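Chemist: Data file work.cif (mmCIF, C-alpha atoms) is appended below.
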data_model
#
loop_
_atom_site.label_atom_id
_atom_site.label_comp_id
_atom_site.auth_asym_id
_atom_site.auth_seq_id
_atom_site.Cartn_x
_atom_site.Cartn_y
_atom_site.Cartn_z
CA SER A 176 24.51 -53.54 -316.88
CA ILE A 177 26.69 -56.56 -317.66
CA ILE A 178 27.38 -57.09 -313.95
CA LEU A 179 23.68 -56.97 -313.04
CA SER A 180 22.68 -59.25 -315.92
CA THR A 181 24.86 -62.00 -314.42
CA GLY A 182 23.11 -61.73 -311.05
CA ALA A 183 26.18 -60.19 -309.40
CA ALA A 184 26.28 -56.91 -307.44
CA TYR A 185 28.58 -53.95 -307.99
CA VAL A 186 30.33 -51.76 -305.41
CA PRO A 187 31.30 -48.32 -306.79
CA LEU A 188 34.81 -47.28 -305.72
CA ASP A 189 35.77 -43.62 -305.99
CA GLU A 190 39.46 -43.42 -306.90
CA ASN A 191 39.69 -40.11 -305.00
CA LEU A 192 39.20 -41.96 -301.69
CA PRO A 193 42.30 -42.92 -299.64
CA ASP A 194 43.72 -46.44 -299.89
CA GLU A 195 42.63 -47.33 -296.36
CA ARG A 196 38.99 -46.55 -297.12
CA LEU A 197 38.99 -48.38 -300.46
CA SER A 198 40.71 -51.42 -298.97
CA PHE A 199 38.10 -51.58 -296.21
CA MET A 200 35.23 -51.46 -298.72
CA ILE A 201 36.81 -54.13 -300.93
CA GLN A 202 37.28 -56.51 -298.01
CA ASP A 203 34.00 -55.71 -296.24
CA ALA A 204 31.95 -56.38 -299.40
CA VAL A 205 33.75 -59.71 -299.92
CA THR A 206 34.71 -58.58 -303.41
CA GLY A 207 35.56 -61.26 -305.96
CA CYS A 208 36.59 -59.07 -308.89
CA LEU A 209 37.88 -55.53 -309.39
CA ILE A 210 37.20 -53.80 -312.70
CA VAL A 211 40.19 -51.58 -313.42
CA SER A 212 41.65 -49.45 -316.20
CA ASP A 213 45.19 -48.89 -317.39
CA ASP A 214 45.35 -45.88 -315.06
CA THR A 215 44.11 -47.70 -311.93
CA GLN A 216 45.50 -51.20 -312.39
CA GLU A 217 48.72 -50.81 -310.39
CA ARG A 218 46.95 -49.19 -307.46
CA ALA A 219 44.25 -51.85 -307.54
CA LYS A 220 46.87 -54.61 -307.34
CA LYS A 221 48.06 -53.20 -304.02
CA LEU A 222 44.52 -52.88 -302.66
CA ALA A 223 43.10 -56.18 -303.87
CA GLY A 224 45.12 -58.71 -301.91
CA ASP A 225 44.95 -62.44 -302.58
CA GLY A 226 41.93 -64.14 -304.14
CA ILE A 227 40.57 -61.12 -306.01
CA THR A 228 40.57 -61.09 -309.82
CA LEU A 229 41.46 -57.90 -311.67
CA PHE A 230 39.71 -57.26 -314.99
CA ASN A 231 41.15 -54.44 -317.11
CA ILE A 232 38.35 -52.78 -319.06
CA SER A 233 40.55 -50.40 -321.09
CA GLY A 234 40.78 -52.76 -324.06
CA ILE A 235 37.03 -53.31 -324.34
CA LEU A 236 36.56 -50.00 -326.15
CA LYS A 237 38.73 -51.33 -328.97
CA GLU A 238 36.48 -54.34 -329.52
CA ASP A 239 33.24 -54.72 -331.44
CA ILE A 240 31.00 -55.71 -328.54
CA GLY A 241 27.68 -55.27 -330.31
CA THR A 242 24.52 -53.66 -328.96
CA LEU A 243 22.89 -54.59 -325.65
CA THR A 244 19.13 -54.59 -326.24
CA GLU A 245 17.68 -56.46 -323.25
CA LEU A 246 18.62 -57.34 -319.67
CA THR A 247 17.01 -59.95 -317.44
CA PHE A 248 16.96 -59.06 -313.73
CA THR A 249 15.70 -60.91 -310.66
CA PRO A 250 14.06 -58.31 -308.37
CA GLY A 251 15.20 -59.84 -305.07
CA THR A 252 18.91 -60.00 -305.91
CA ILE A 253 21.38 -57.40 -304.66
CA ALA A 254 22.18 -54.88 -307.41
CA SER A 255 24.65 -52.72 -305.53
CA ILE A 256 26.28 -52.11 -302.17
CA LEU A 257 26.65 -48.38 -301.46
CA TYR A 258 28.83 -47.26 -298.57
CA THR A 259 27.94 -44.41 -296.24
CA SER A 260 30.33 -41.51 -295.74
CA GLY A 261 31.54 -42.94 -292.44
CA SER A 262 31.28 -39.54 -290.75
CA THR A 263 30.00 -41.16 -287.54
CA GLY A 264 32.51 -44.01 -287.52
CA ILE A 265 33.12 -47.05 -289.74
CA PRO A 266 31.37 -46.82 -293.15
CA LYS A 267 28.40 -49.15 -293.55
CA GLY A 268 27.50 -50.91 -296.78
CA VAL A 269 23.82 -50.55 -297.74
CA LYS A 270 22.49 -53.39 -299.89
CA ILE A 271 20.26 -52.13 -302.72
CA THR A 272 18.11 -54.77 -304.46
CA THR A 273 17.47 -54.88 -308.19
CA GLY A 274 13.73 -54.52 -307.55
CA ALA A 275 14.32 -51.34 -305.54
CA VAL A 276 16.51 -49.87 -308.27
CA LEU A 277 13.94 -50.62 -310.98
CA ASN A 278 11.10 -49.24 -308.86
CA TYR A 279 13.03 -46.08 -307.99
CA THR A 280 14.14 -45.55 -311.59
CA SER A 281 10.62 -46.04 -312.94
CA PHE A 282 9.24 -43.45 -310.51
CA HIS A 283 12.09 -41.04 -311.25
CA LEU A 284 11.52 -41.22 -315.02
CA LYS A 285 7.78 -40.60 -314.60
CA LYS A 286 8.48 -37.41 -312.66
CA ILE A 287 11.55 -36.25 -314.58
CA PRO A 288 11.45 -37.85 -318.05
CA LEU A 289 14.49 -38.73 -320.13
CA LEU A 290 14.10 -39.63 -323.78
CA PRO A 291 16.38 -41.09 -326.46
CA GLY A 292 18.40 -38.14 -327.68
CA ASP A 293 18.55 -36.52 -324.26
CA VAL A 294 21.90 -36.07 -322.51
CA CYS A 295 22.09 -36.42 -318.72
CA ALA A 296 25.13 -35.07 -316.87
CA LEU A 297 26.82 -37.18 -314.18
CA TYR A 298 28.21 -34.59 -311.77
CA ALA A 299 28.35 -36.74 -308.64
CA SER A 300 31.15 -39.12 -307.72
CA ILE A 301 30.58 -42.73 -308.83
CA GLY A 302 30.62 -43.66 -305.13
CA PHE A 303 27.71 -41.34 -304.28
CA ASP A 304 24.15 -42.65 -304.52
CA VAL A 305 23.06 -39.98 -307.01
CA SER A 306 25.29 -41.68 -309.59
CA MET A 307 22.97 -44.70 -309.37
CA GLU A 308 20.01 -42.42 -310.10
CA VAL A 309 21.71 -41.07 -313.23
CA LEU A 310 23.15 -44.37 -314.47
CA PHE A 311 19.92 -46.35 -314.31
CA SER A 312 17.76 -43.52 -315.63
CA VAL A 313 20.03 -43.26 -318.68
CA LEU A 314 20.13 -47.03 -319.21
CA SER A 315 16.35 -47.35 -318.88
CA SER A 316 15.48 -44.49 -321.21
CA GLY A 317 18.03 -44.80 -324.01
CA ALA A 318 19.46 -41.37 -323.23
CA CYS A 319 23.18 -40.53 -323.25
CA MET A 320 25.31 -39.85 -320.17
CA ASP A 321 27.88 -37.06 -320.01
CA ILE A 322 30.56 -37.32 -317.30
CA VAL A 323 31.40 -33.83 -316.04
CA PRO A 324 35.18 -33.21 -315.87
CA GLU A 325 36.50 -32.55 -312.35
CA GLU A 326 38.08 -29.24 -313.33
CA LYS A 327 34.70 -27.79 -314.35
CA LYS A 328 32.66 -28.83 -311.32
CA LEU A 329 33.35 -25.82 -309.12
CA ASP A 330 33.08 -23.10 -311.78
CA ILE A 331 29.39 -22.48 -312.50
CA HIS A 332 29.99 -20.66 -315.78
CA ALA A 333 32.51 -23.25 -317.04
CA LEU A 334 30.03 -25.95 -316.02
CA ASN A 335 27.23 -24.34 -318.02
CA ARG A 336 29.50 -23.89 -321.04
CA HIS A 337 30.20 -27.62 -320.83
CA PHE A 338 26.45 -28.34 -320.71
CA VAL A 339 25.79 -26.18 -323.77
CA GLU A 340 28.75 -27.57 -325.73
CA HIS A 341 27.65 -31.18 -325.12
CA GLY A 342 23.90 -30.60 -325.44
CA VAL A 343 23.14 -31.60 -321.84
CA THR A 344 19.39 -31.52 -321.23
CA GLN A 345 19.31 -32.80 -317.64
CA ALA A 346 21.78 -32.34 -314.78
CA HIS A 347 21.83 -33.53 -311.16
CA LEU A 348 23.65 -31.08 -308.88
CA PRO A 349 24.23 -30.90 -305.12
CA ALA A 350 22.16 -28.19 -303.43
CA GLN A 351 25.03 -25.77 -302.83
CA MET A 352 26.10 -25.74 -306.49
CA ALA A 353 22.49 -25.73 -307.67
CA ARG A 354 21.74 -22.54 -305.71
CA LEU A 355 24.66 -20.82 -307.44
CA PHE A 356 23.63 -22.20 -310.83
CA ILE A 357 20.04 -20.98 -310.47
CA ARG A 358 21.17 -17.55 -309.33
CA GLU A 359 23.83 -17.08 -312.03
CA ILE A 360 22.66 -19.03 -315.09
CA ALA A 361 19.63 -18.21 -317.20
CA ASP A 362 20.78 -19.16 -320.71
CA THR A 363 21.50 -22.90 -320.75
CA SER A 364 20.84 -26.11 -322.67
CA LEU A 365 19.16 -27.67 -319.61
CA ARG A 366 15.52 -28.64 -319.62
CA ASP A 367 15.71 -30.11 -316.11
CA LEU A 368 17.88 -29.29 -313.11
CA VAL A 369 17.61 -31.98 -310.42
CA ILE A 370 18.83 -31.09 -306.94
CA GLY A 371 19.70 -33.19 -303.89
CA GLY A 372 22.16 -33.86 -301.10
CA GLU A 373 20.88 -31.34 -298.57
CA LYS A 374 18.07 -28.85 -297.97
CA LEU A 375 17.73 -26.45 -300.90
CA GLY A 376 15.73 -23.68 -299.24
CA ARG A 377 13.62 -21.15 -301.12
CA VAL A 378 14.42 -20.28 -304.71
CA ARG A 379 12.93 -17.00 -305.96
CA VAL A 380 14.45 -16.70 -309.44
CA ASP A 381 12.34 -17.56 -312.51
CA ARG A 382 14.11 -19.79 -315.02
CA ASP A 383 13.11 -21.48 -318.28
CA TYR A 384 14.44 -24.83 -317.08
CA ARG A 385 12.48 -26.95 -314.62
CA ILE A 386 13.87 -27.32 -311.09
CA THR A 387 13.14 -30.51 -309.10
CA ASP A 388 14.19 -30.85 -305.47
CA THR A 389 14.92 -34.49 -304.55
CA TYR A 390 16.63 -36.31 -301.71
CA GLY A 391 17.91 -39.72 -300.70
CA PRO A 392 18.17 -42.36 -303.47
CA THR A 393 19.63 -44.84 -300.97
CA GLU A 394 16.91 -44.17 -298.41
CA ALA A 395 14.21 -44.32 -301.11
CA CYS A 396 15.50 -47.70 -302.28
#
Translate the structure described by the file into structure tokens.
Modeler:
Amino acid sequence: SIILSTGAAYVPLDENLPDERLSFMIQDAVTGCLIVSDDTQERAKKLAGDGITLFNISGILKEDIGTLTELTFTPGTIASILYTSGSTGIPKGVKITTGAVLNYTSFHLKKIPLLPGDVCALYASIGFDVSMEVLFSVLSSGACMDIVPEEKKLDIHALNRHFVEHGVTQAHLPAQMARLFIREIADTSLRDLVIGGEKLGRVRVDRDYRITDTYGPTEAC
């Protein structure tokens, strides 16, 4: 939010990617600043090269930074640059405008509402476009975001226990994991299960939570 309010654009970097891939993205996007933490600072120094500022965000949680109540955006500015998987060659950065993000988020919240008090789980990597869907829906609605721990992502029952323990009301899962979740899990805290990434296929199990099949935040923007 702070980045966008300044008129700058952000490029999400997944720390699980190899150095070569991250270095390419940093240089290709003509990055001016890298936001790092205590855990990533040393690696970022090696990747950044000359002329790139490193800003360590770890200490910000110790400060009284107040409450952000309003953001001013210019619709035509670039909000984010999301990189493709690169499966067909060199990854390509897709420029997403602020107007597209606001339009997409507004439509998404009309179809799959989030309210203050709701908790939305971020399952996807920060570098995947679904993270944008979750981040901006949470920011726009006043809901809370829960970041799913890596060690619970591939165990459906552990994942659901995490949802219940943290009061998660909405989760966005890739189709393969969603199929398993729907088949195995009936008793959950979820009100909405949002699915994307690939074709879901037919689902024949009745559940108390609502299932919404979506696809392509980047393409939609």
Chemist: Please list as a PyMOL selection string every residue within 7 Å of Ser316 in chain A, counting only C-alpha atoms and excluding residues in the same chain fewer than 4 positions away.
Modeler: chain A and resi 289-291+312
Chemist: Pick out the residues sitting within 8 Å of Ala346 in chain A, and hand them over as a PDB file with C-alpha atoms, in the frame of the given file; count only C-alpha atoms, and ignore anything fewer than 4 positions along from it in its own chain.
Modeler:
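Here's the written file out07.pdb:
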ATOM      1  CA  CYS A 295      22.090 -36.420-318.720  1.00  0.00           C
ATOM      2  CA  ALA A 296      25.130 -35.070-316.870  1.00  0.00           C
ATOM      3  CA  LEU A 297      26.820 -37.180-314.180  1.00  0.00           C
ATOM      4  CA  TYR A 298      28.210 -34.590-311.770  1.00  0.00           C
ATOM      5  CA  LEU A 365      19.160 -27.670-319.610  1.00  0.00           C
ATOM      6  CA  ASP A 367      15.710 -30.110-316.110  1.00  0.00           C
ATOM      7  CA  LEU A 368      17.880 -29.290-313.110  1.00  0.00           C
ATOM      8  CA  VAL A 369      17.610 -31.980-310.420  1.00  0.00           C
TER       9      VAL A 369
END
Chemist: I would like the residues chosen by the PyMOL selection byres ((chain A and resi 182-191) around 7) on the shown file; could you give them as a PyMOL selection string?
Modeler: chain A and resi 178-181+192-193+197+252-257+300-302
Chemist: Between CA of Glu373 in chain A and CA of Phe356 in chain A, measure the distance and give it in Å to one decimal.
Modeler: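 Taking CA of Glu373 in chain A as the start and CA of Phe356 in chain A as the end point, the length is 15.5 Å.
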Chemist: What's the separation between CA of Leu209 in chain A and CA of Leu222 in chain A, in Å to one decimal place?
Modeler: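 Between these atoms lies a distance of 9.8 Å.
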